[in-house]
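File shown here: target.cif, holding mmCIF, C-alpha atoms.
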data_run
#
loop_
_atom_site.group_PDB
_atom_site.id
_atom_site.type_symbol
_atom_site.label_atom_id
_atom_site.label_comp_id
_atom_site.auth_asym_id
_atom_site.auth_seq_id
_atom_site.Cartn_x
_atom_site.Cartn_y
_atom_site.Cartn_z
ATOM 1 C CA MET A 28 4.441 18.176 -4.378
ATOM 2 C CA ASP A 29 1.377 18.569 -6.512
ATOM 3 C CA ILE A 30 -1.406 16.016 -7.007
ATOM 4 C CA ASP A 31 0.277 14.475 -10.052
ATOM 5 C CA ALA A 32 3.540 13.953 -8.162
ATOM 6 C CA ILE A 33 1.663 12.450 -5.195
ATOM 7 C CA ARG A 34 -0.202 10.109 -7.546
ATOM 8 C CA GLU A 35 2.992 9.074 -9.321
ATOM 9 C CA TYR A 36 4.767 8.397 -6.020
ATOM 10 C CA CYS A 37 1.901 6.442 -4.435
ATOM 11 C CA LEU A 38 1.452 4.220 -7.488
ATOM 12 C CA LYS A 39 5.151 3.281 -7.393
ATOM 13 C CA LEU A 40 4.621 1.613 -4.018
ATOM 14 C CA PRO A 41 4.242 -2.193 -4.310
ATOM 15 C CA HIS A 42 0.666 -3.394 -4.923
ATOM 16 C CA ALA A 43 -0.725 0.158 -4.644
ATOM 17 C CA THR A 44 -3.899 0.946 -6.567
ATOM 18 C CA GLU A 45 -6.048 3.998 -7.031
ATOM 19 C CA ASN A 46 -9.744 4.626 -7.450
ATOM 20 C CA VAL A 47 -12.153 7.523 -7.196
ATOM 21 C CA GLN A 48 -14.605 7.243 -4.306
ATOM 22 C CA TRP A 49 -17.245 9.429 -2.707
ATOM 23 C CA GLY A 50 -17.715 11.431 -5.879
ATOM 24 C CA ALA A 51 -14.332 13.103 -6.313
ATOM 25 C CA ASP A 52 -11.777 11.689 -3.879
ATOM 26 C CA LEU A 53 -8.766 9.904 -5.322
ATOM 27 C CA CYS A 54 -8.011 7.051 -2.917
ATOM 28 C CA PHE A 55 -4.736 5.159 -2.850
ATOM 29 C CA LYS A 56 -4.999 1.640 -1.472
ATOM 30 C CA VAL A 57 -3.064 -1.516 -0.852
ATOM 31 C CA ASP A 58 -5.214 -4.653 -1.041
ATOM 32 C CA GLY A 59 -8.351 -2.535 -0.771
ATOM 33 C CA LYS A 60 -7.189 -0.675 2.363
ATOM 34 C CA MET A 61 -6.679 3.088 2.063
ATOM 35 C CA PHE A 62 -3.410 4.739 2.920
ATOM 36 C CA ALA A 63 -3.936 8.186 1.327
ATOM 37 C CA VAL A 64 -6.774 10.325 -0.065
ATOM 38 C CA VAL A 65 -6.571 13.361 -2.347
ATOM 39 C CA PRO A 66 -9.727 15.386 -3.124
ATOM 40 C CA LEU A 67 -9.969 16.150 -6.841
ATOM 41 C CA GLU A 68 -12.358 19.073 -6.338
ATOM 42 C CA VAL A 69 -11.970 22.184 -4.207
ATOM 43 C CA ALA A 70 -12.023 21.099 -0.558
ATOM 44 C CA PRO A 71 -10.765 22.400 2.796
ATOM 45 C CA VAL A 72 -8.068 19.685 2.864
ATOM 46 C CA LYS A 73 -5.668 18.745 0.076
ATOM 47 C CA LEU A 74 -4.335 15.378 1.265
ATOM 48 C CA SER A 75 -5.120 12.937 4.071
ATOM 49 C CA PHE A 76 -3.058 9.961 5.183
ATOM 50 C CA LYS A 77 -2.452 7.587 8.085
ATOM 51 C CA CYS A 78 0.470 8.098 10.449
ATOM 52 C CA THR A 79 1.908 6.724 13.673
ATOM 53 C CA PRO A 80 0.459 7.995 16.968
ATOM 54 C CA GLU A 81 3.718 9.897 17.591
ATOM 55 C CA ASN A 82 3.668 11.591 14.181
ATOM 56 C CA PHE A 83 -0.054 12.274 14.525
ATOM 57 C CA ALA A 84 0.525 14.306 17.688
ATOM 58 C CA GLU A 85 3.539 16.120 16.236
ATOM 59 C CA LEU A 86 1.961 16.872 12.848
ATOM 60 C CA CYS A 87 -1.288 18.177 14.362
ATOM 61 C CA GLU A 88 0.731 20.829 16.223
ATOM 62 C CA ARG A 89 1.980 22.266 12.931
ATOM 63 C CA SER A 90 0.287 25.038 11.030
ATOM 64 C CA GLY A 91 -1.742 23.789 8.058
ATOM 65 C CA ILE A 92 -2.150 20.236 9.385
ATOM 66 C CA ILE A 93 -5.255 19.063 11.233
ATOM 67 C CA PRO A 94 -6.701 15.743 12.402
ATOM 68 C CA ALA A 95 -8.456 14.262 9.366
ATOM 69 C CA PRO A 96 -12.233 14.610 9.503
ATOM 70 C CA TYR A 97 -13.903 11.258 10.281
ATOM 71 C CA MET A 98 -10.526 9.479 10.439
ATOM 72 C CA ALA A 99 -8.653 11.190 13.283
ATOM 73 C CA ARG A 100 -9.472 8.348 15.678
ATOM 74 C CA ALA A 101 -7.385 6.098 13.396
ATOM 75 C CA GLN A 102 -4.435 8.569 13.434
ATOM 76 C CA TRP A 103 -5.095 10.144 10.047
ATOM 77 C CA VAL A 104 -4.008 13.734 9.410
ATOM 78 C CA ALA A 105 -5.171 16.191 6.758
ATOM 79 C CA LEU A 106 -3.029 18.803 5.065
ATOM 80 C CA GLN A 107 -4.818 22.073 4.400
ATOM 81 C CA SER A 108 -2.107 22.953 1.889
ATOM 82 C CA LEU A 109 0.248 20.749 -0.087
ATOM 83 C CA THR A 110 3.077 23.026 1.047
ATOM 84 C CA ALA A 111 2.456 22.248 4.745
ATOM 85 C CA VAL A 112 5.353 19.764 4.533
ATOM 86 C CA GLY A 113 8.315 19.580 2.190
ATOM 87 C CA ASP A 114 8.450 17.170 -0.741
ATOM 88 C CA GLU A 115 10.927 14.762 0.861
ATOM 89 C CA GLU A 116 9.019 14.686 4.141
ATOM 90 C CA MET A 117 5.759 14.125 2.256
ATOM 91 C CA ARG A 118 7.275 11.112 0.471
ATOM 92 C CA ASP A 119 8.443 9.756 3.827
ATOM 93 C CA LEU A 120 5.008 10.281 5.385
ATOM 94 C CA LEU A 121 3.215 8.619 2.450
ATOM 95 C CA ALA A 122 5.634 5.686 2.582
ATOM 96 C CA GLU A 123 5.027 5.387 6.311
ATOM 97 C CA SER A 124 1.258 5.462 5.754
ATOM 98 C CA TYR A 125 1.563 2.722 3.138
ATOM 99 C CA GLN A 126 3.761 0.659 5.476
ATOM 100 C CA LEU A 127 1.323 1.002 8.393
ATOM 101 C CA VAL A 128 -1.536 -0.284 6.234
ATOM 102 C CA TRP A 129 0.632 -3.041 4.696
ATOM 103 C CA GLU A 130 1.668 -4.323 8.135
ATOM 104 C CA ARG A 131 -1.984 -4.565 9.239
ATOM 105 C CA LEU A 132 -2.788 -6.942 6.386
ATOM 106 C CA PRO A 133 -2.867 -10.597 7.428
ATOM 107 C CA ARG A 134 0.515 -12.283 6.995
ATOM 108 C CA LYS A 135 -1.007 -14.846 4.638
ATOM 109 C CA ARG A 136 -2.461 -12.096 2.426
ATOM 110 C CA ARG A 137 0.863 -10.207 2.313
ATOM 111 C CA GLY A 138 2.554 -13.438 1.269
ATOM 112 C CA ALA A 139 -0.018 -14.011 -1.463
ATOM 113 C CA LEU A 140 0.480 -10.488 -2.804
ATOM 114 C CA GLU A 141 4.252 -10.831 -2.757
ATOM 115 C CA GLY A 142 4.020 -14.257 -4.404
ATOM 116 C CA ALA A 143 1.717 -12.937 -7.123
ATOM 117 C CA ALA A 144 4.258 -10.237 -7.916
ATOM 118 C CA ALA A 145 6.931 -12.819 -8.707
ATOM 119 C CA THR A 146 6.614 -14.142 -12.231
ATOM 120 C CA PRO A 147 6.815 -17.908 -12.802
ATOM 121 C CA SER A 148 9.917 -17.503 -14.955
ATOM 122 C CA LYS A 149 11.740 -15.833 -12.066
ATOM 123 C CA ARG A 150 10.822 -18.519 -9.547
ATOM 124 C CA LYS A 151 13.454 -21.196 -9.313
ATOM 125 C CA VAL A 152 12.489 -24.728 -8.477
ATOM 126 C CA PRO A 153 15.198 -26.449 -6.437
ATOM 127 C CA ALA A 154 16.831 -29.393 -8.206
ATOM 128 C CA ALA A 155 15.747 -31.726 -5.373
ATOM 129 C CA ALA A 156 12.131 -30.741 -5.972
ATOM 130 C CA LYS A 157 12.462 -31.412 -9.701
ATOM 131 C CA GLY A 158 13.858 -34.863 -8.967
ATOM 132 C CA ALA A 159 11.101 -35.604 -6.470
ATOM 133 C CA LYS A 160 8.469 -34.580 -9.014
ATOM 134 C CA ALA A 161 9.929 -36.872 -11.640
ATOM 135 C CA ALA A 162 10.125 -39.762 -9.153
ATOM 136 C CA ASN A 163 6.485 -39.284 -8.125
ATOM 137 C CA ALA A 164 5.380 -39.172 -11.758
ATOM 138 C CA ALA A 165 7.294 -42.402 -12.484
ATOM 139 C CA LYS A 166 5.715 -44.110 -9.458
ATOM 140 C CA LYS A 167 2.227 -43.130 -10.571
ATOM 141 C CA ALA A 168 2.883 -44.327 -14.134
ATOM 142 C CA GLY A 169 4.214 -47.659 -12.791
ATOM 143 C CA ALA A 170 1.199 -48.081 -10.502
ATOM 144 C CA ARG A 171 -1.188 -47.572 -13.418
ATOM 145 C CA ARG A 172 0.492 -50.281 -15.497
ATOM 146 C CA LYS A 173 0.082 -52.957 -12.828
#
When written as structure tokens, how does the structure in this file appear?
Amino acid sequence: MDIDAIREYCLKLPHATENVQWGADLCFKVDGKMFAVVPLEVAPVKLSFKCTPENFAELCERSGIIPAPYMARAQWVALQSLTAVGDEEMRDLLAESYQLVWERLPRKRRGALEGAAATPSKRKVPAAAKGAKAANAAKKAGARRK
């Protein structure tokens, strides 16, 4: 995968955003929390992302993959070449990184993000709720008249 393919894939993940930080690093985030970083200028690493402790240990044993500078303590790895892993595996690892960050968000915040994604026209109000609303409105109108 090249940088454009990585960018395209990461931005397809729900609620994922991108921004350039630290001068020339393209950061992919979910609710402001990073899950992947791609340097846009020449750098010793080509991609960094979060992974599980098990994958961290396994990936760091491979050629071309090192603990990510400054982020290794949080189980981030850095690829020294974009060919260090295959395309399918890279998609799986990026999805896993996204999922790890998503799961660390507070439950209430995840619910708010998921709720914001649903459009009002797609939300269905149960018939019982519609009836209750109408009854409450009628009660209030009757109370004002008295």
> When the PyMOL selection byres ((chain A and resi 100) around 12) is applied to the file above, which residues end up in the set, as a list of chain:residue names?
Replying inline: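 Matching residues under the PyMOL selection byres ((chain A and resi 100) around 12) are A:Lys77, A:Cys78, A:Thr79, A:Pro80, A:Phe83, A:Ala84, A:Pro94, A:Ala95, A:Pro96, A:Tyr97, A:Met98, A:Ala99, A:Ala101, A:Gln102, A:Trp103, A:Val104.
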Mind dumping the selected residues with C-alpha atoms as an mmCIF file, keeping the file's coordinate frame?
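Once everything was written out, this is out_29.cif:
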data_model
loop_
_atom_site.group_PDB
_atom_site.id
_atom_site.type_symbol
_atom_site.label_atom_id
_atom_site.label_comp_id
_atom_site.auth_asym_id
_atom_site.auth_seq_id
_atom_site.Cartn_x
_atom_site.Cartn_y
_atom_site.Cartn_z
ATOM 1 C CA LYS A 77 -2.452 7.587 8.085
ATOM 2 C CA CYS A 78 0.470 8.098 10.449
ATOM 3 C CA THR A 79 1.908 6.724 13.673
ATOM 4 C CA PRO A 80 0.459 7.995 16.968
ATOM 5 C CA PHE A 83 -0.054 12.274 14.525
ATOM 6 C CA ALA A 84 0.525 14.306 17.688
ATOM 7 C CA PRO A 94 -6.701 15.743 12.402
ATOM 8 C CA ALA A 95 -8.456 14.262 9.366
ATOM 9 C CA PRO A 96 -12.233 14.610 9.503
ATOM 10 C CA TYR A 97 -13.903 11.258 10.281
ATOM 11 C CA MET A 98 -10.526 9.479 10.439
ATOM 12 C CA ALA A 99 -8.653 11.190 13.283
ATOM 13 C CA ALA A 101 -7.385 6.098 13.396
ATOM 14 C CA GLN A 102 -4.435 8.569 13.434
ATOM 15 C CA TRP A 103 -5.095 10.144 10.047
ATOM 16 C CA VAL A 104 -4.008 13.734 9.410
#
>> Starting from the PyMOL selection byres ((chain A and resi 112) around 10), expand the selection into actual residues of this file and give them as a list in words.
In response: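 Going through the file, the PyMOL selection byres ((chain A and resi 112) around 10) ends up selecting Met28, Leu86, Arg89, Ser90, Gly91, Ile92, Leu106, Ser108, Leu109, Thr110, Ala111, Gly113, Asp114, Glu115, Glu116, Met117, Arg118 and Leu120 of chain A.
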Take the residues from that selection and put them in a file with C-alpha atoms, as a short mmCIF file (atom, residue, chain, number, x, y, z; two decimals), in the coordinates of the input.
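Listed below is the output, out10.cif:
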data_model
loop_
_atom_site.label_atom_id
_atom_site.label_comp_id
_atom_site.auth_asym_id
_atom_site.auth_seq_id
_atom_site.Cartn_x
_atom_site.Cartn_y
_atom_site.Cartn_z
CA MET A 28 4.44 18.18 -4.38
CA LEU A 86 1.96 16.87 12.85
CA ARG A 89 1.98 22.27 12.93
CA SER A 90 0.29 25.04 11.03
CA GLY A 91 -1.74 23.79 8.06
CA ILE A 92 -2.15 20.24 9.38
CA LEU A 106 -3.03 18.80 5.07
CA SER A 108 -2.11 22.95 1.89
CA LEU A 109 0.25 20.75 -0.09
CA THR A 110 3.08 23.03 1.05
CA ALA A 111 2.46 22.25 4.74
CA GLY A 113 8.32 19.58 2.19
CA ASP A 114 8.45 17.17 -0.74
CA GLU A 115 10.93 14.76 0.86
CA GLU A 116 9.02 14.69 4.14
CA MET A 117 5.76 14.12 2.26
CA ARG A 118 7.28 11.11 0.47
CA LEU A 120 5.01 10.28 5.38
#
>> Could you tell me, as an MDAnalysis selection string, exactly which residues end up selected when the PyMOL selection byres ((chain A and resi 128) around 9) is applied to this structure?
In response: chainID A and resid 56:57 60:62 77 123:127 129:132
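Counting from atom CA of Ile33 of chain A, the distance to atom CA of Leu53 of chain A is 10.7 Å.
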> Can you tell me how far atom CA of Trp49 of chain A sits from atom CA of Arg34 of chain A, in Å to one decimal?
Replying inline: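 Interatomic distance here is 17.7 Å.
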Compile the contact shell of Val47 of chain A as an mmCIF file with C-alpha atoms, in the coordinates of the input: residues with an atom at most 10 Å away, counting all atoms listed in the file, same-chain residues fewer than 6 positions apart removed.
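Writing done, so here's selection_25.cif:
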data_model
loop_
_atom_site.group_PDB
_atom_site.id
_atom_site.type_symbol
_atom_site.label_atom_id
_atom_site.label_comp_id
_atom_site.auth_asym_id
_atom_site.auth_seq_id
_atom_site.Cartn_x
_atom_site.Cartn_y
_atom_site.Cartn_z
ATOM 1 C CA LEU A 53 -8.766 9.904 -5.322
ATOM 2 C CA CYS A 54 -8.011 7.051 -2.917
ATOM 3 C CA PHE A 55 -4.736 5.159 -2.850
ATOM 4 C CA VAL A 64 -6.774 10.325 -0.065
ATOM 5 C CA VAL A 65 -6.571 13.361 -2.347
ATOM 6 C CA PRO A 66 -9.727 15.386 -3.124
ATOM 7 C CA LEU A 67 -9.969 16.150 -6.841
#
> Which of these residues is nearest to Ala43 of chain A, using only C-alpha atoms: A:Ala63, A:Cys87, A:Val72, A:Ala105?
Replying inline: A:Ala63
